[in-house]
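File shown: run-v2.csv (CSV, C-alpha atoms).
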```csv
chain,number,residue,atom,x,y,z
A,23,MET,CA,-20.0,4.1,4.1
A,24,CYS,CA,-17.8,1.0,3.9
A,25,ALA,CA,-19.5,-2.0,5.4
A,26,THR,CA,-16.2,-3.4,6.6
A,27,CYS,CA,-15.0,-0.5,8.7
A,28,GLY,CA,-17.6,2.4,8.5
A,29,CYS,CA,-15.2,4.7,6.7
A,30,GLY,CA,-16.0,6.8,3.7
A,31,ASP,CA,-18.2,9.7,2.8
A,32,ASP,CA,-20.7,10.6,0.1
A,33,ALA,CA,-18.1,12.5,-2.0
A,34,GLY,CA,-16.1,9.4,-2.9
A,35,PRO,CA,-12.4,9.3,-3.7
A,36,ARG,CA,-10.6,11.9,-5.8
A,37,ILE,CA,-7.9,11.0,-8.3
A,38,THR,CA,-5.5,13.8,-9.0
A,39,VAL,CA,-3.0,13.7,-11.9
A,40,PRO,CA,-0.2,16.2,-12.7
A,41,HIS,CA,-0.9,19.8,-13.4
A,42,GLU,CA,-1.1,19.7,-17.2
A,43,HIS,CA,-4.2,17.5,-17.1
A,44,GLU,CA,-5.5,17.6,-13.6
A,45,HIS,CA,-9.1,16.4,-13.2
A,46,GLU,CA,-11.3,14.7,-10.7
A,47,HIS,CA,-13.3,11.5,-11.2
A,48,GLY,CA,-16.7,11.8,-9.6
A,49,HIS,CA,-17.3,8.1,-9.2
A,50,GLY,CA,-17.9,6.2,-6.0
A,51,HIS,CA,-15.7,3.7,-4.4
A,52,GLY,CA,-17.2,0.7,-6.2
A,53,HIS,CA,-17.1,-1.5,-3.1
A,54,GLY,CA,-20.2,-0.6,-1.2
A,55,HIS,CA,-19.6,3.0,0.0
A,56,GLY,CA,-22.7,5.1,0.0
A,57,HIS,CA,-24.8,2.8,-2.2
A,58,GLY,CA,-27.9,2.9,-0.1
A,59,GLU,CA,-27.5,-0.4,1.7
A,60,ASP,CA,-28.6,0.6,5.2
A,61,THR,CA,-27.9,-1.9,7.9
A,62,ALA,CA,-28.8,0.4,10.8
A,63,GLY,CA,-31.0,-1.5,13.2
A,64,SER,CA,-30.5,-4.8,11.4
A,65,GLY,CA,-28.9,-7.8,13.0
A,66,SER,CA,-25.3,-8.9,12.9
A,67,THR,CA,-26.1,-11.5,10.2
A,68,GLU,CA,-27.0,-8.8,7.7
A,69,THR,CA,-23.8,-6.9,8.5
A,70,VAL,CA,-21.7,-9.9,7.9
A,71,THR,CA,-23.5,-10.7,4.7
A,72,LEU,CA,-23.0,-7.2,3.4
A,73,GLU,CA,-19.3,-7.3,4.4
A,74,GLN,CA,-18.9,-10.5,2.4
A,75,ARG,CA,-20.5,-9.0,-0.6
A,76,VAL,CA,-18.2,-5.9,-0.4
A,77,LEU,CA,-15.1,-8.0,-0.1
A,78,ALA,CA,-16.2,-10.4,-2.8
A,79,LYS,CA,-16.8,-7.6,-5.3
A,80,ASN,CA,-13.4,-6.0,-4.4
A,81,ASP,CA,-11.7,-9.4,-5.0
A,82,VAL,CA,-13.2,-9.6,-8.5
A,83,LEU,CA,-12.0,-6.1,-9.3
A,84,ALA,CA,-8.5,-6.9,-7.8
A,85,GLU,CA,-8.1,-9.9,-10.1
A,86,ARG,CA,-9.0,-7.7,-13.1
A,87,ASN,CA,-6.3,-5.2,-12.0
A,88,ARG,CA,-3.8,-8.0,-11.5
A,89,GLY,CA,-4.5,-9.2,-15.1
A,90,TRP,CA,-4.2,-5.7,-16.4
A,91,LEU,CA,-0.8,-5.2,-14.7
A,92,ALA,CA,0.5,-8.6,-15.7
A,93,GLY,CA,-0.5,-8.0,-19.3
A,94,ARG,CA,1.7,-4.9,-19.4
A,95,GLY,CA,4.6,-6.4,-17.3
A,96,VAL,CA,3.9,-3.8,-14.5
A,97,THR,CA,5.0,-4.9,-11.1
A,98,ALA,CA,2.9,-3.4,-8.3
A,99,PHE,CA,3.9,-3.3,-4.6
A,100,ASN,CA,1.3,-2.2,-2.0
A,101,VAL,CA,3.2,-0.4,0.8
A,102,MET,CA,1.3,-0.2,4.0
A,103,SER,CA,2.1,1.3,7.4
A,104,SER,CA,0.8,3.5,10.2
A,105,PRO,CA,1.2,7.3,9.7
A,106,GLY,CA,4.8,8.5,10.1
A,107,ALA,CA,6.6,5.2,9.7
A,108,GLY,CA,8.5,6.6,6.7
A,109,LYS,CA,6.7,5.3,3.6
A,110,THR,CA,7.2,8.4,1.5
A,111,THR,CA,10.8,8.9,2.5
A,112,LEU,CA,11.5,5.3,1.7
A,113,LEU,CA,9.9,5.6,-1.7
A,114,GLU,CA,11.8,8.9,-2.5
A,115,ARG,CA,15.1,7.2,-1.8
A,116,THR,CA,14.1,4.0,-3.6
A,117,ILE,CA,13.1,5.9,-6.7
A,118,ARG,CA,16.3,7.8,-6.8
A,119,ASP,CA,18.5,4.8,-6.2
A,120,LEU,CA,16.6,2.6,-8.8
A,121,SER,CA,16.1,5.4,-11.4
A,122,GLY,CA,18.4,3.6,-13.9
A,123,SER,CA,16.5,0.3,-13.7
A,124,GLY,CA,13.5,1.3,-15.8
A,125,PRO,CA,10.3,3.3,-15.4
A,126,ILE,CA,8.9,3.8,-11.9
A,127,ALA,CA,5.5,5.2,-11.0
A,128,VAL,CA,3.6,5.8,-7.7
A,129,ILE,CA,0.0,5.8,-6.6
A,130,GLU,CA,-0.3,7.9,-3.5
A,131,GLY,CA,-3.2,7.3,-1.0
A,132,ASP,CA,-4.1,9.9,1.6
A,133,GLN,CA,-7.3,11.2,3.0
A,134,GLU,CA,-6.5,14.7,2.0
A,135,THR,CA,-3.8,16.9,0.4
A,136,LEU,CA,-1.4,16.4,-2.6
A,137,LEU,CA,1.7,16.7,-0.5
A,138,ASP,CA,3.1,13.2,-0.8
A,139,ALA,CA,2.4,13.0,-4.6
A,140,GLU,CA,4.2,16.4,-5.0
A,141,ARG,CA,7.2,15.0,-3.0
A,142,ILE,CA,7.3,11.9,-5.3
A,143,ARG,CA,7.1,14.0,-8.5
A,144,ARG,CA,10.1,16.0,-7.4
A,145,THR,CA,12.2,12.8,-7.8
A,146,GLY,CA,11.2,12.9,-11.5
A,147,CYS,CA,8.8,10.0,-11.1
A,148,SER,CA,5.2,10.0,-12.3
A,149,ALA,CA,2.6,9.9,-9.6
A,150,VAL,CA,-1.2,10.2,-9.1
A,151,GLN,CA,-2.8,11.1,-5.8
A,152,VAL,CA,-5.9,9.3,-4.5
A,153,ASN,CA,-7.6,11.3,-1.8
A,154,THR,CA,-10.1,9.1,0.1
A,155,GLY,CA,-11.8,11.7,2.2
A,156,ALA,CA,-13.0,9.9,5.3
A,157,GLY,CA,-11.9,6.6,3.9
A,158,CYS,CA,-9.0,4.8,5.7
A,159,HIS,CA,-7.8,2.6,2.9
A,160,LEU,CA,-7.5,2.1,-0.8
A,161,ASP,CA,-9.6,-0.5,-2.6
A,162,ALA,CA,-9.5,-2.3,-6.0
A,163,GLN,CA,-11.8,0.3,-7.6
A,164,MET,CA,-9.6,3.2,-6.5
A,165,MET,CA,-6.6,1.2,-7.8
A,166,HIS,CA,-8.4,0.8,-11.2
A,167,ASP,CA,-9.2,4.4,-11.4
A,168,ALA,CA,-5.7,5.5,-10.5
A,169,LEU,CA,-4.2,3.1,-13.0
A,170,THR,CA,-6.4,4.6,-15.7
A,171,ALA,CA,-5.2,8.1,-14.8
A,172,LEU,CA,-1.6,7.0,-14.5
A,173,ASP,CA,-1.4,4.7,-17.5
A,174,PRO,CA,2.0,3.2,-16.6
A,175,GLU,CA,4.1,2.1,-19.5
A,176,ALA,CA,5.1,-1.5,-20.0
A,177,GLY,CA,7.7,-2.8,-17.6
A,178,THR,CA,7.0,-0.1,-14.9
A,179,LEU,CA,7.8,-0.7,-11.3
A,180,LEU,CA,4.7,0.6,-9.5
A,181,PHE,CA,4.5,1.5,-5.8
A,182,VAL,CA,1.2,2.0,-4.1
A,183,GLU,CA,1.5,4.0,-0.9
A,184,ASN,CA,-1.6,3.1,0.9
A,185,VAL,CA,-3.4,5.3,3.4
A,186,GLY,CA,-1.5,5.4,6.8
A,187,ASN,CA,-3.4,2.7,8.7
A,188,LEU,CA,-2.5,-0.8,10.0
A,189,VAL,CA,-6.1,-2.1,10.1
A,190,CYS,CA,-8.3,-1.7,7.0
A,191,PRO,CA,-5.7,-1.9,4.2
A,192,ALA,CA,-5.2,-5.6,5.2
A,193,LEU,CA,-8.7,-6.4,4.1
A,194,PHE,CA,-8.6,-5.0,0.5
A,195,ASP,CA,-6.6,-6.7,-2.3
A,196,LEU,CA,-5.7,-4.1,-4.9
A,197,GLY,CA,-4.4,-6.5,-7.5
A,198,GLU,CA,-0.8,-5.9,-6.4
A,199,GLN,CA,2.0,-8.4,-6.8
A,200,GLY,CA,3.5,-7.9,-3.4
A,201,ARG,CA,2.5,-6.5,0.0
A,202,VAL,CA,4.9,-4.7,2.2
A,203,VAL,CA,4.3,-3.6,5.8
A,204,LEU,CA,6.6,-0.8,7.0
A,205,ILE,CA,7.1,-0.3,10.7
A,206,SER,CA,9.5,2.0,12.5
A,207,THR,CA,11.6,1.5,15.6
A,208,PRO,CA,9.8,4.2,17.6
A,209,GLU,CA,6.5,2.3,17.2
A,210,GLY,CA,7.5,-0.5,19.5
A,211,THR,CA,8.5,-4.2,19.2
A,212,ASP,CA,5.0,-5.5,19.8
A,213,LYS,CA,3.5,-4.0,16.6
A,214,PRO,CA,2.8,-7.3,14.9
A,215,LEU,CA,1.0,-8.6,17.9
A,216,LYS,CA,-1.2,-5.6,18.1
A,217,TYR,CA,-2.1,-5.5,14.4
A,218,PRO,CA,-1.9,-9.2,13.3
A,219,HIS,CA,-4.1,-9.1,10.2
A,220,ILE,CA,-1.9,-6.8,8.2
A,221,PHE,CA,1.2,-9.0,9.0
A,222,ALA,CA,-0.7,-12.1,8.1
A,223,VAL,CA,-1.3,-10.9,4.5
A,224,ALA,CA,2.1,-9.3,4.0
A,225,ASP,CA,5.0,-10.7,2.0
A,226,LEU,CA,7.6,-8.5,3.6
A,227,VAL,CA,8.0,-6.5,6.8
A,228,LEU,CA,10.5,-3.6,6.6
A,229,VAL,CA,11.7,-2.3,9.9
A,230,ASN,CA,12.6,1.3,9.2
A,231,LYS,CA,14.5,4.0,11.2
A,232,ILE,CA,17.1,1.6,12.5
A,233,ASP,CA,19.4,4.7,12.8
A,234,LEU,CA,17.3,5.5,15.9
A,235,LEU,CA,18.0,2.2,17.7
A,236,PRO,CA,20.4,3.7,20.2
A,237,TYR,CA,17.6,6.1,21.3
A,238,VAL,CA,14.5,3.8,21.5
A,239,ASP,CA,13.5,0.6,23.2
A,240,PHE,CA,13.1,-1.7,20.2
A,241,ASP,CA,14.4,-5.2,19.6
A,242,ILE,CA,14.5,-6.2,15.9
A,243,GLU,CA,14.9,-9.9,16.6
A,244,THR,CA,11.9,-10.0,18.9
A,245,CYS,CA,9.8,-8.0,16.5
A,246,VAL,CA,10.6,-10.3,13.6
A,247,ARG,CA,9.8,-13.3,15.7
A,248,HIS,CA,6.4,-11.8,16.5
A,249,ALA,CA,5.7,-11.3,12.8
A,250,LYS,CA,6.7,-14.8,11.9
A,251,SER,CA,4.5,-16.2,14.7
A,252,ILE,CA,1.6,-14.7,12.7
A,253,ASN,CA,2.9,-15.4,9.2
A,254,PRO,CA,5.7,-17.9,9.1
A,255,GLY,CA,6.4,-17.1,5.4
A,256,ILE,CA,6.9,-13.4,5.9
A,257,GLU,CA,10.3,-12.0,5.1
A,258,ALA,CA,12.0,-9.2,7.1
A,259,ILE,CA,14.5,-6.6,6.4
A,260,ALA,CA,15.8,-3.8,8.7
A,261,VAL,CA,16.6,-0.5,7.0
A,262,SER,CA,17.1,3.2,7.4
A,263,ALA,CA,15.5,5.2,4.7
A,264,THR,CA,17.3,8.3,6.0
A,265,THR,CA,20.8,7.0,6.1
A,266,GLY,CA,20.4,4.3,3.4
A,267,GLU,CA,21.6,1.5,5.7
A,268,ASN,CA,20.7,-2.0,4.3
A,269,LEU,CA,18.6,-0.6,1.5
A,270,ALA,CA,20.5,-2.9,-0.9
A,271,ALA,CA,18.7,-5.8,0.7
A,272,TRP,CA,15.3,-4.1,0.0
A,273,TYR,CA,16.3,-3.5,-3.6
A,274,ASP,CA,17.3,-7.2,-4.0
A,275,TRP,CA,13.9,-8.2,-2.7
A,276,ILE,CA,12.2,-5.9,-5.2
A,277,ALA,CA,14.3,-7.4,-8.0
A,278,ASP,CA,13.5,-11.0,-7.0
A,279,HIS,CA,9.7,-10.2,-6.8
A,280,ARG,CA,9.6,-8.6,-10.3
A,281,ARG,CA,10.0,-12.1,-11.8
A,282,PRO,CA,7.0,-12.8,-14.1
A,283,GLU,CA,6.1,-16.1,-12.4
A,284,ARG,CA,5.3,-14.2,-9.2
A,285,TYR,CA,2.2,-12.5,-10.7
A,286,SER,CA,-0.4,-14.9,-9.3
A,287,ARG,CA,-1.3,-14.6,-5.6
A,288,SER,CA,-2.6,-17.6,-3.7
```

Using the file provided, produce a representation of the structure as structure tokens.
Amino acid sequence: MCATCGCGDDAGPRITVPHEHEHEHGHGHGHGHGHGEDTAGSGSTETVTLEQRVLAKNDVLAERNRGWLAGRGVTAFNVMSSPGAGKTTLLERTIRDLSGSGPIAVIEGDQETLLDAERIRRTGCSAVQVNTGAGCHLDAQMMHDALTALDPEAGTLLFVENVGNLVCPALFDLGEQGRVVLISTPEGTDKPLKYPHIFAVADLVLVNKIDLLPYVDFDIETCVRHAKSINPGIEAIAVSATTGENLAAWYDWIADHRRPERYSRS
């Protein structure tokens, strides 16, 4: 199990690539899941120490991923949200709208099924599926294994659709260039206050489903103010992945963050 959140199972993640060469990797998470470090019955000090080791190892692997991506000119964006916020719909539309701008690829993270990867592949985009089992987030080792399976070409725009969860993905650097938190108007204006850690590490908050504003109690200005109270540097864009409203601003943000000098994260 993961020392940080208790997620995971003995099977480990499964990386699935397209039909012509589907295979599964039987490795473990590589960040402390199921490696025999039993803290049951031990004090809180040991739990904290183990968590620090887990995250430190993950950060080392993330830096290797970042270097690997930078060396190939691949720009990776980690897209995080709660379930149902519209990540896959957003990526489907983004891929179609940006199809002429160069190669695009997607790493899909879900506990089970290949459904989202299949949706992405129907756009003509290459994708691999990472099934985490009981795991509630992707980590740098899973990212490495997915990159090995995907083998994106130079200059690729890579989206990582993380497991639907606003808690644990905030802890794990994948080696990505940018972090995007997607929330939707039916979720409520106070989302940043309830899940501050993920907004604290994000570069951009996308407020999705603004086409539903006439039907829900949601205030964009207040939501953005909450997000900036946690992370003054966070940017915010309100969009509708369904109607396409204001997606041009999202695409401009992507173009700006594909600049080579943005590869290093502080």

Ranking A:Leu228, A:Val152, A:Glu85, A:Met164 by minimum distance to A:Thr135 and counting all atoms listed in the file, which one comes first?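 For A:Thr135, the nearest of the candidates is A:Val152.
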
Expected answer as a list in words: all residues with atoms within 9 Å of (5.0, 11.9, -8.4), only C-alpha atoms: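 Every residue inside that radius is included here: Val39, Pro40, Ala127, Val128, Ile129, Glu130, Asp138, Ala139, Glu140, Arg141, Ile142, Arg143, Arg144, Thr145, Gly146, Cys147, Ser148, Ala149, Val150 and Gln151 of chain A.
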
Those residues you just picked out, can you put them in a file as a CSV table (one decimal), keeping the file's coordinate frame with C-alpha atoms?
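Here's the written file again.csv:
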```
chain,number,residue,atom,x,y,z
A,39,VAL,CA,-3.0,13.7,-11.9
A,40,PRO,CA,-0.2,16.2,-12.7
A,127,ALA,CA,5.5,5.2,-11.0
A,128,VAL,CA,3.6,5.8,-7.7
A,129,ILE,CA,0.0,5.8,-6.6
A,130,GLU,CA,-0.3,7.9,-3.5
A,138,ASP,CA,3.1,13.2,-0.8
A,139,ALA,CA,2.4,13.0,-4.6
A,140,GLU,CA,4.2,16.4,-5.0
A,141,ARG,CA,7.2,15.0,-3.0
A,142,ILE,CA,7.3,11.9,-5.3
A,143,ARG,CA,7.1,14.0,-8.5
A,144,ARG,CA,10.1,16.0,-7.4
A,145,THR,CA,12.2,12.8,-7.8
A,146,GLY,CA,11.2,12.9,-11.5
A,147,CYS,CA,8.8,10.0,-11.1
A,148,SER,CA,5.2,10.0,-12.3
A,149,ALA,CA,2.6,9.9,-9.6
A,150,VAL,CA,-1.2,10.2,-9.1
A,151,GLN,CA,-2.8,11.1,-5.8
```

Minimum-distance residue to A:Cys190, chosen among A:Asn153, A:Pro218, A:Leu136, A:Gln163 (using only C-alpha atoms):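 When distances to A:Cys190 are compared using only C-alpha atoms, the smallest one comes from A:Pro218.
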
Pick from A:Val203, A:Tyr237, A:Thr111, A:His219, whichever lies nearest to A:Ile259 using all atoms listed in the file: A:Val203

Rank A:Gly186, A:Pro125, A:Gly210, A:Gly108 by their smallest atom-to-atom distance to A:Phe240, using only C-alpha atoms, and report the top residue only. A:Gly210

Do you have the atom CA of A:Leu137-atom CA of A:Arg118 distance handy?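 Computing the Euclidean distance for atom CA of A:Leu137 and atom CA of A:Arg118 yields 18.2 Å.
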
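Using all atoms listed in the file, the protein and nucleic acid residues lying no more than 6 Å from A:Ser262, apart from those fewer than 6 places from it along its own chain, are Asn230, Lys231 and Ile232 of chain A.
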
Find the residue from A:Ala271, A:Cys158, A:Leu180, A:Leu234 that sits nearest to A:Gly197; use all atoms listed in the file when measuring. A:Leu180

What separation in Å, quoted to one decimal, exists between atom CA of A:Trp272 and atom CA of A:Val227? 10.3 Å

9 Å contact set for A:Ile256, all atoms listed in the file, chain neighbours under 3 positions out, as a list in words: Phe221, Ala222, Val223, Ala224, Asp225, Leu226, Val227, Ala249, Lys250, Ile252 and Asn253 of chain A
